[in-house]
file protein09.cif (mmCIF, C-alpha atoms, pLDDT in the B column; chains and numbers go by the auth columns)
data_final
loop_
_atom_site.group_PDB
_atom_site.id
_atom_site.type_symbol
_atom_site.label_atom_id
_atom_site.label_comp_id
_atom_site.label_asym_id
_atom_site.label_seq_id
_atom_site.Cartn_x
_atom_site.Cartn_y
_atom_site.Cartn_z
_atom_site.B_iso_or_equiv
_atom_site.auth_seq_id
_atom_site.auth_asym_id
ATOM 1 C CA MET A 1 -137.611 231.379 -45.288 55.00 133 A
ATOM 2 C CA GLY A 2 -141.209 230.918 -44.294 63.00 134 A
ATOM 3 C CA ARG A 3 -142.523 228.937 -41.356 64.00 135 A
ATOM 4 C CA SER A 4 -144.623 225.917 -41.822 63.00 136 A
ATOM 5 C CA HIS A 5 -147.363 225.204 -39.310 58.00 137 A
ATOM 6 C CA SER A 6 -149.359 222.137 -38.693 63.00 138 A
ATOM 7 C CA GLY A 7 -151.907 221.540 -36.017 61.00 139 A
ATOM 8 C CA PHE A 8 -154.537 219.291 -34.734 57.00 140 A
ATOM 9 C CA THR A 9 -157.791 219.659 -32.920 56.00 141 A
ATOM 10 C CA LEU A 10 -158.724 217.754 -29.813 60.00 142 A
ATOM 11 C CA ASP A 11 -162.318 216.852 -29.166 69.00 143 A
ATOM 12 C CA LEU A 12 -162.522 217.488 -25.429 62.00 144 A
ATOM 13 C CA SER A 13 -166.280 217.078 -25.228 70.00 145 A
ATOM 14 C CA PRO A 14 -166.045 213.565 -23.646 64.00 146 A
ATOM 15 C CA LEU A 15 -163.790 214.978 -20.922 57.00 147 A
ATOM 16 C CA VAL A 16 -166.106 217.939 -20.390 62.00 148 A
ATOM 17 C CA ASP A 17 -169.073 215.554 -20.130 67.00 149 A
ATOM 18 C CA LEU A 18 -167.171 213.429 -17.612 62.00 150 A
ATOM 19 C CA LEU A 19 -166.265 216.465 -15.522 62.00 151 A
ATOM 20 C CA GLU A 20 -169.872 217.623 -15.539 73.00 152 A
ATOM 21 C CA ARG A 21 -171.092 214.192 -14.387 72.00 153 A
ATOM 22 C CA SER A 22 -168.463 213.919 -11.647 85.00 154 A
ATOM 23 C CA PRO A 23 -170.201 216.050 -8.983 85.00 155 A
ATOM 24 C CA GLU A 24 -173.389 214.005 -9.286 88.00 156 A
ATOM 25 C CA ALA A 25 -171.443 210.742 -9.122 89.00 157 A
ATOM 26 C CA ALA A 26 -169.487 211.911 -6.080 88.00 158 A
ATOM 27 C CA ALA A 27 -172.732 212.978 -4.408 90.00 159 A
ATOM 28 C CA ARG A 28 -174.327 209.587 -5.115 90.00 160 A
ATOM 29 C CA GLY A 29 -171.291 207.855 -3.663 90.00 161 A
ATOM 30 C CA ALA A 30 -171.312 210.063 -0.585 91.00 162 A
ATOM 31 C CA THR A 31 -175.016 209.461 0.008 94.00 163 A
ATOM 32 C CA GLN A 32 -174.611 205.685 -0.263 95.00 164 A
ATOM 33 C CA GLY A 33 -171.456 205.761 1.846 93.00 165 A
ATOM 34 C CA MET A 34 -173.198 207.683 4.617 94.00 166 A
ATOM 35 C CA ARG A 35 -176.092 205.197 4.560 96.00 167 A
ATOM 36 C CA ASP A 36 -173.597 202.364 4.902 97.00 168 A
ATOM 37 C CA ILE A 37 -171.882 204.140 7.797 96.00 169 A
ATOM 38 C CA LYS A 38 -175.230 204.674 9.533 96.00 170 A
ATOM 39 C CA ASP A 39 -176.118 201.007 9.233 97.00 171 A
ATOM 40 C CA ASP A 40 -172.705 199.902 10.478 97.00 172 A
ATOM 41 C CA TRP A 41 -172.748 202.361 13.400 97.00 173 A
ATOM 42 C CA LYS A 42 -176.144 201.068 14.469 97.00 174 A
ATOM 43 C CA ARG A 43 -174.907 197.481 14.258 97.00 175 A
ATOM 44 C CA VAL A 44 -171.723 197.973 16.277 97.00 176 A
ATOM 45 C CA SER A 45 -173.524 200.127 18.854 97.00 177 A
ATOM 46 C CA ARG A 46 -176.162 197.457 19.341 97.00 178 A
ATOM 47 C CA ASP A 47 -173.422 194.873 19.831 96.00 179 A
ATOM 48 C CA VAL A 48 -171.909 196.751 22.790 96.00 180 A
ATOM 49 C CA ALA A 49 -175.028 198.366 24.292 96.00 181 A
ATOM 50 C CA PRO A 50 -175.983 197.119 27.748 94.00 182 A
ATOM 51 C CA LEU A 51 -178.339 194.193 27.640 90.00 183 A
ATOM 52 C CA ASP A 52 -181.186 193.445 30.012 88.00 184 A
ATOM 53 C CA THR A 53 -184.439 193.042 28.117 88.00 185 A
ATOM 54 C CA GLY A 54 -183.021 193.979 24.701 91.00 186 A
ATOM 55 C CA ASN A 55 -185.186 197.105 24.498 93.00 187 A
ATOM 56 C CA LEU A 56 -182.199 199.470 24.573 94.00 188 A
ATOM 57 C CA ARG A 57 -180.541 197.688 21.668 96.00 189 A
ATOM 58 C CA ARG A 58 -183.761 197.750 19.640 95.00 190 A
ATOM 59 C CA GLN A 59 -184.144 201.487 20.240 94.00 191 A
ATOM 60 C CA ILE A 60 -180.787 202.417 18.720 96.00 192 A
ATOM 61 C CA ASP A 61 -181.546 204.045 15.406 96.00 193 A
ATOM 62 C CA GLY A 62 -179.979 206.432 12.966 96.00 194 A
ATOM 63 C CA LYS A 63 -180.599 208.688 10.046 96.00 195 A
ATOM 64 C CA VAL A 64 -178.699 210.461 7.318 95.00 196 A
ATOM 65 C CA GLU A 65 -179.393 214.180 7.204 94.00 197 A
ATOM 66 C CA GLY A 66 -178.771 216.190 4.053 92.00 198 A
ATOM 67 C CA SER A 67 -177.591 214.656 0.821 87.00 199 A
ATOM 68 C CA GLY A 68 -174.481 214.037 -1.169 84.00 200 A
ATOM 69 C CA LEU A 69 -171.332 215.706 0.031 81.00 201 A
ATOM 70 C CA GLU A 70 -173.342 217.758 2.536 88.00 202 A
ATOM 71 C CA SER A 71 -174.720 214.830 4.553 91.00 203 A
ATOM 72 C CA THR A 72 -174.252 213.793 8.159 92.00 204 A
ATOM 73 C CA VAL A 73 -175.102 210.687 10.145 94.00 205 A
ATOM 74 C CA GLU A 74 -176.944 210.845 13.454 94.00 206 A
ATOM 75 C CA ILE A 75 -177.346 207.899 15.801 95.00 207 A
ATOM 76 C CA GLU A 76 -179.546 207.960 18.876 95.00 208 A
ATOM 77 C CA ALA A 77 -180.968 205.748 21.579 94.00 209 A
ATOM 78 C CA ASN A 78 -184.067 206.742 23.504 90.00 210 A
ATOM 79 C CA ALA A 79 -185.122 203.738 25.549 92.00 211 A
ATOM 80 C CA THR A 80 -187.582 204.650 28.271 89.00 212 A
ATOM 81 C CA ASN A 81 -189.266 202.664 30.986 89.00 213 A
ATOM 82 C CA SER A 82 -192.975 202.699 31.840 89.00 214 A
ATOM 83 C CA LYS A 83 -192.507 205.899 33.872 93.00 215 A
ATOM 84 C CA GLY A 84 -190.944 207.745 30.952 91.00 216 A
ATOM 85 C CA PHE A 85 -187.409 207.612 32.370 92.00 217 A
ATOM 86 C CA ASN A 86 -184.862 207.604 29.528 92.00 218 A
ATOM 87 C CA TYR A 87 -182.448 204.965 30.753 91.00 219 A
ATOM 88 C CA ALA A 88 -180.541 205.005 27.447 93.00 220 A
ATOM 89 C CA TYR A 89 -179.385 208.529 28.243 92.00 221 A
ATOM 90 C CA TYR A 90 -178.767 207.639 31.892 91.00 222 A
ATOM 91 C CA ILE A 91 -176.510 204.731 30.965 93.00 223 A
ATOM 92 C CA HIS A 92 -174.733 206.428 28.066 93.00 224 A
ATOM 93 C CA GLU A 93 -173.796 209.499 30.070 92.00 225 A
ATOM 94 C CA GLY A 94 -172.146 207.418 32.804 87.00 226 A
ATOM 95 C CA HIS A 95 -174.747 207.856 35.513 86.00 227 A
ATOM 96 C CA MET A 96 -174.767 204.135 36.321 83.00 228 A
ATOM 97 C CA ALA A 97 -171.093 204.256 37.222 81.00 229 A
ATOM 98 C CA GLU A 98 -171.670 207.424 39.244 83.00 230 A
ATOM 99 C CA ALA A 99 -174.347 205.557 41.192 84.00 231 A
ATOM 100 C CA GLY A 100 -171.961 202.648 41.819 84.00 232 A
ATOM 101 C CA LYS A 101 -173.827 200.286 39.476 87.00 233 A
ATOM 102 C CA GLN A 102 -172.164 197.964 37.011 86.00 234 A
ATOM 103 C CA LEU A 103 -173.198 196.567 33.678 86.00 235 A
ATOM 104 C CA ARG A 104 -174.302 192.944 33.855 86.00 236 A
ATOM 105 C CA HIS A 105 -172.850 191.476 30.669 89.00 237 A
ATOM 106 C CA PRO A 106 -169.196 191.327 29.591 91.00 238 A
ATOM 107 C CA GLY A 107 -168.437 193.284 26.430 92.00 239 A
ATOM 108 C CA THR A 108 -171.117 195.897 27.060 93.00 240 A
ATOM 109 C CA ILE A 109 -170.175 199.516 27.648 95.00 241 A
ATOM 110 C CA GLU A 110 -171.858 202.667 28.868 94.00 242 A
ATOM 111 C CA LYS A 111 -170.728 204.863 25.947 95.00 243 A
ATOM 112 C CA PHE A 112 -172.346 202.472 23.470 95.00 244 A
ATOM 113 C CA LEU A 113 -172.754 205.198 20.811 96.00 245 A
ATOM 114 C CA ASP A 114 -169.536 207.176 21.269 95.00 246 A
ATOM 115 C CA VAL A 115 -166.972 204.393 21.605 96.00 247 A
ATOM 116 C CA PRO A 116 -167.966 202.606 18.371 96.00 248 A
ATOM 117 C CA ALA A 117 -167.728 205.939 16.536 95.00 249 A
ATOM 118 C CA GLU A 118 -164.239 206.569 17.919 94.00 250 A
ATOM 119 C CA GLN A 119 -163.084 203.026 17.138 96.00 251 A
ATOM 120 C CA ASN A 120 -164.461 202.971 13.586 96.00 252 A
ATOM 121 C CA GLU A 121 -163.814 206.521 12.391 94.00 253 A
ATOM 122 C CA GLU A 122 -160.936 205.594 10.077 93.00 254 A
ATOM 123 C CA ARG A 123 -162.745 202.539 8.682 95.00 255 A
ATOM 124 C CA TRP A 124 -165.873 204.598 8.017 94.00 256 A
ATOM 125 C CA LYS A 125 -163.808 207.278 6.301 90.00 257 A
ATOM 126 C CA ASN A 126 -162.382 204.573 4.031 92.00 258 A
ATOM 127 C CA MET A 127 -165.871 203.191 3.360 93.00 259 A
ATOM 128 C CA LEU A 128 -167.031 206.649 2.288 90.00 260 A
ATOM 129 C CA GLU A 129 -164.010 207.235 0.057 90.00 261 A
ATOM 130 C CA ASP A 130 -164.426 203.798 -1.528 92.00 262 A
ATOM 131 C CA GLU A 131 -168.083 204.427 -2.330 91.00 263 A
ATOM 132 C CA ILE A 132 -167.306 207.822 -3.897 90.00 264 A
ATOM 133 C CA ARG A 133 -164.437 206.297 -5.880 88.00 265 A
ATOM 134 C CA GLU A 134 -166.686 203.480 -7.095 92.00 266 A
ATOM 135 C CA GLN A 135 -169.307 205.914 -8.341 91.00 267 A
ATOM 136 C CA LEU A 136 -166.685 208.025 -10.127 88.00 268 A
ATOM 137 C CA GLU A 137 -165.248 204.905 -11.781 88.00 269 A
ATOM 138 C CA ARG A 138 -168.731 204.012 -13.025 89.00 270 A
ATOM 139 C CA GLU A 139 -168.769 207.390 -14.755 82.00 271 A
ATOM 140 C CA GLY A 140 -165.470 206.667 -16.465 79.00 272 A
ATOM 141 C CA TRP A 141 -162.747 207.963 -14.165 75.00 273 A
#
call {"tool": "encode", "arguments": {"input": "protein09.cif", "output": "structure tokens"}}
result
Amino acid sequence: MGRSHSGFTLDLSPLVDLLERSPEAAARGATQGMRDIKDDWKRVSRDVAPLDTGNLRRQIDGKVEGSGLESTVEIEANATNSKGFNYAYYIHEGHMAEAGKQLRHPGTIEKFLDVPAEQNEERWKNMLEDEIREQLEREGW
């Protein structure tokens, strides 16, 4: 008794195309997500930065280094007075407290860059994942 065979052929080219597009989509999502994180970090840091003239808050800035899945966010504050003294660094590193000085306004903190990062780390991680997911879904995943 002979064996009978039947078969079929799958056209996997759409899946292959989707897989090939996925790294670019993930990279686009990561880049946009990191930009969103940078903007949010700047915003929340400005909200809690010490306030006198407003110069310190205006000098908080950030940038995204690298691209795609290899990117990082950097936030900095370099507010100086007329003598070139960087009071942003002085305040942020706790030197006001060491000198027995206190912040003038409720809700402001010395670690105005670090504390927002610690408090928002999980939310920012979710923002990044959501942006990557959104880009992958646009590609068909």
call {"tool": "residues_around", "arguments": {"input": "protein09.cif", "residues": "range 175-177 of chain A", "least_positions_apart": "5", "cutoff": "7 Å", "atoms": "all atoms listed in the file", "output": "PyMOL selection string"}}
result
chain A and resi 244-245+248
call {"tool": "closest_residue", "arguments": {"input": "protein09.cif", "among": "A:Ser145, A:Thr240, A:Thr163, A:Asn218", "to": "Glu261 in chain A", "atoms": "only C-alpha atoms"}}
result
A:Thr163
call {"tool": "residues_near_point", "arguments": {"input": "protein09.cif", "point": "(-173.5, 205.9, -6.5)", "cutoff": "9 Å", "atoms": "only C-alpha atoms", "output": "PyMOL selection string"}}
result
chain A and resi 156-165+263-264+266-268+270
call {"tool": "axis_aligned_box", "arguments": {"input": "protein09.cif", "around": "range 165-175 of chain A", "padding_each_side": "3 Å", "output": "JSON"}}
result
{"center_x": -173.8, "center_y": 202.6, "center_z": 8.2, "size_x": 10.7, "size_y": 16.2, "size_z": 18.6}
call {"tool": "residues_near_point", "arguments": {"input": "protein09.cif", "point": "(-181.1, 206.0, 15.7)", "cutoff": "8 Å", "atoms": "all atoms listed in the file", "output": "PyMOL selection string"}}
result
chain A and resi 174+191-195+206-209
call {"tool": "write_last_selection", "arguments": {"input": "protein09.cif", "atoms": "C-alpha atoms", "output": "compact mmCIF listing (two decimals), keeping the file's coordinate frame"}}
result
# COMPACT_ATOMS: atom_id res chain seq x y z
CA LYS A 174 -176.14 201.07 14.47
CA GLN A 191 -184.14 201.49 20.24
CA ILE A 192 -180.79 202.42 18.72
CA ASP A 193 -181.55 204.04 15.41
CA GLY A 194 -179.98 206.43 12.97
CA LYS A 195 -180.60 208.69 10.05
CA GLU A 206 -176.94 210.84 13.45
CA ILE A 207 -177.35 207.90 15.80
CA GLU A 208 -179.55 207.96 18.88
CA ALA A 209 -180.97 205.75 21.58
call {"tool": "resolve_selection", "arguments": {"input": "protein09.cif", "expression": "the PyMOL selection byres ((chain A and resi 235) around 12)", "output": "ChimeraX atom specification"}}
result
/A:180-184,223-224,226-229,231-234,236-244
call {"tool": "residues_around", "arguments": {"input": "protein09.cif", "residues": "Met259 in chain A", "least_positions_apart": "6", "cutoff": "9 Å", "atoms": "all atoms listed in the file", "output": "list in words"}}
result
Gly165, Met166, Asp168 and Ile169 of chain A
call {"tool": "atom_distance", "arguments": {"input": "protein09.cif", "atom1": "CA of Arg190 in chain A", "atom2": "CA of Ala220 in chain A"}}
result
11.1 Å
call {"tool": "atom_distance", "arguments": {"input": "protein09.cif", "atom1": "CA of Ser214 in chain A", "atom2": "CA of Asp246 in chain A"}}
result
26.1 Å
call {"tool": "atom_distance", "arguments": {"input": "protein09.cif", "atom1": "CA of Asn210 in chain A", "atom2": "CA of Leu188 in chain A"}}
result
7.6 Å
call {"tool": "closest_residue", "arguments": {"input": "protein09.cif", "among": "A:Val196, A:Gly272, A:Glu250, A:Ser154", "to": "Asp171 in chain A", "atoms": "all atoms listed in the file"}}
result
A:Val196
call {"tool": "closest_residue", "arguments": {"input": "protein09.cif", "among": "A:Arg178, A:Lys215, A:Arg189, A:Arg167", "to": "Val247 in chain A", "atoms": "all atoms listed in the file"}}
result
A:Arg178
call {"tool": "closest_residue", "arguments": {"input": "protein09.cif", "among": "A:Glu152, A:Trp273, A:Gly200, A:Val205", "to": "Trp256 in chain A", "atoms": "only C-alpha atoms"}}
result
A:Val205
